[in-house]
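Student: Just dropping this structure here.
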Amino acid sequence: MENKKNKFIRLGVNIDHVATIRNARGGLKPDPLRAAKIAVDAGADVITIHLREDRRHVNDQDVENLIQKMNVPINLEIACTDEMINFAYNQKPNSVCLVPEKREEKTTEGGLDVVKFQKKIAPAIGKLMERGIKVALFIEPEYSQIEAAASIGVPVVELHTGTYSNFQGNLMLNELKKIKNNSKEVVKLGMECHAGHGLTFDNVFEIAKIKDIVELNIGHFLIGEAIFIGIDNAIKEMKSIILSSRNLI
Ligand code: PXP
């Protein structure tokens with residue numbers, strides 16, 4: 001029988017772009033830590049941050065402050081490089097999501113190619129897990145990637161919803177079906193399934209409805225919407241759409 005517990009879905013709020021605005025002028029404002037605290041009060045279950053090689057949004061100090069001062073899980077997105085794995089190992093966030101990273105991209109374009117790079121990714125997973133960090137791989141909703149992820153023992157995968165978010169009409173519906181079917185495969189192979197990228201008030205409902213997904217990570221839209229309605233209202237509205245998709249409110 002379904003109960004509230006197995007219907008629950010966490011909202012991870014990515015606050016990178018608060019730091020993007022801060023960095024546009026240098027200095028300390030707006031403060032990502034302040035944003036994280038407001039996000040939690042508004043319903044964020046997890047705070048997500050992406051430390052990029054070029055530190056274009058959050059920097060090392062932001063990550064340290066958030067880990068030390070927040071009492072919700074901190075999910076750190078990083079590329080699978082020695083520098084980033086060592087940084088995460090030392091900082092010990094609650095979870096790490098390994099993402100592909102190209103210096104010239106505007107955002108994380110596409111998922112990690114686990115099929116191709118599993119020999120490089122597997123030891124990084126092992127090192128972080130040995131430190132007690134929950135590790136996820138950010139991948140396309142493709143069975144070959146899911147199978148490769150399972151074969152190297154990662155406990156979580158985050159399915160990339162960017163293609164779904166960029167499409168409309170039938171193409172969007174096809175991508176939704178792909179995410180739905182592949183989330184089932186993730187669970188069948190014994191992993192936890194998360195999803196994210198490009199989610200908005202308009203497209204989140206159908207993704208949140210997929211019962212095999214237990215966490216969504218959402219950033220850019222929420223920080224943009226905060227300009228118009230405030231970060232707290234933007235998060236409250238997102239959370240209420242997500243919970244209503246599970247009939248939890
Ligand atoms: N999940 C992962 C792994 C990401 O890299 C990002 C972008 O940093 C997101 C989710 C959030 O995407 P968006 O900012 O488009 O909501």
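Identifiers in the structure tokens: chain A, B, ... in order shown; residue index from 1 per chain; ligand index from 1 in order shown.
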So that I can see what lies close to His197 in chain A, please list as a ChimeraX atom specification the residues with an atom at most 7 Å from it, counting only C-alpha atoms and leaving out residues fewer than 5 positions away in the same chain.
Tutor: /A:160-162,218
Student: If you take only C-alpha atoms and a cut-off of 12 Å, which residues of range 105-161 of chain A touch range 9-30 of chain A, and what are their nearest atom pairs and distances in Å to one decimal, in chain and number order, as JSON lines?
Tutor:
```
{"residue": "A:Lys106", "atom": "CA", "partner": "A:Thr20", "partner_atom": "CA", "distance": 12.0}
{"residue": "A:Thr107", "atom": "CA", "partner": "A:Asp16", "partner_atom": "CA", "distance": 11.0}
{"residue": "A:Glu158", "atom": "CA", "partner": "A:Gly12", "partner_atom": "CA", "distance": 11.8}
```
Student: Write out as a PyMOL selection string each polymer residue whose atoms come within 8 Å of range 42-55 of chain A, counting only C-alpha atoms; drop sequence neighbours fewer than 3 positions from it.
Tutor: chain A and resi 10-16+36+38-39+58-60+63+72-79+101+103+217+232-233+235-236+239
Student: Determine which residues of range 8-194 of chain A receive a DSSP assignment of strand (DSSP E), computed from the backbone, and state them as a ChimeraX atom specification.
Tutor: /A:10-14,46-50,74-78,95-98,134-139,156-160,192-194
Student: With range 126-150 of chain A as the partner and 8 Å as the cut-off, tabulate the residues of range 172-216 of chain A that qualify, each row holding the nearest pair of atoms and their distance in Å to one decimal, using only C-alpha atoms, sorted by chain and rising number, as a Markdown table.
Tutor:
```
| residue | atom | partner | partner_atom | distance |
| --- | --- | --- | --- | --- |
| A:Lys178 | CA | A:Pro141 | CA | 6.6 |
| A:Ile179 | CA | A:Pro141 | CA | 5.6 |
| A:Asn182 | CA | A:Pro141 | CA | 5.9 |
| A:Ser183 | CA | A:Pro141 | CA | 7.8 |
| A:Glu185 | CA | A:Tyr143 | CA | 7.5 |
| A:Val186 | CA | A:Ile146 | CA | 6.3 |
| A:Leu189 | CA | A:Ala150 | CA | 6.5 |
| A:Gly190 | CA | A:Ala150 | CA | 7.7 |
| A:Met191 | CA | A:Ala150 | CA | 7.2 |
```
Student: What is the distance, in Å and to one decimal place, between CA of Val154 in chain A and CA of Val96 in chain A?
Tutor: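 Going from CA of Val154 in chain A over to CA of Val96 in chain A covers 11.1 Å.
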Student: Run DSSP on the backbone and grab whatever in range 93-216 of chain A lands in alpha helix (DSSP H); send it over as a PyMOL selection string.
Tutor: chain A and resi 114-130+143-151+162-166+169-188+204-208
Student: Counting only C-alpha atoms and all ligand atoms, which residue out of A:Pro32, A:Gly224, A:Gly169, A:Gly153 sits closest to ligand 1?
Tutor: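 The closest residue to ligand 1 is A:Gly224.
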Student: Which of these residues is nearest to Glu215 in chain A, using only C-alpha atoms: A:Leu159, A:Ile152, A:Ala122, A:Ile227?
Tutor: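 Checking each of A:Leu159, A:Ile152, A:Ala122, A:Ile227 against Glu215 in chain A, counting only C-alpha atoms, the winner is A:Leu159.
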Student: Taking only C-alpha atoms and all ligand atoms into account, which of A:Leu199, A:Ile229, A:Cys80, A:Ala208 comes nearest ligand 1?
Tutor: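 Of A:Leu199, A:Ile229, A:Cys80, A:Ala208, the one nearest ligand 1 is A:Leu199, counting only C-alpha atoms and all ligand atoms.
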Student: Return the single residue from A:Ile223, A:Ala88, A:Ile249, A:Cys193 that is closest to ligand 1, with distances computed using only C-alpha atoms and all ligand atoms.
Tutor: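 Once distances to ligand 1 are computed over only C-alpha atoms and all ligand atoms, the minimum belongs to A:Ile223.
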Student: In Å, with one decimal, what is the gap from CA of Lys69 in chain A to CA of Asn90 in chain A?
Tutor: 16.2 Å
Student: Expressed in Å to a single decimal, how great is the separation between CA of Leu176 in chain A and CA of Ser95 in chain A?
Tutor: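 Between these atoms lies a distance of 26.1 Å.
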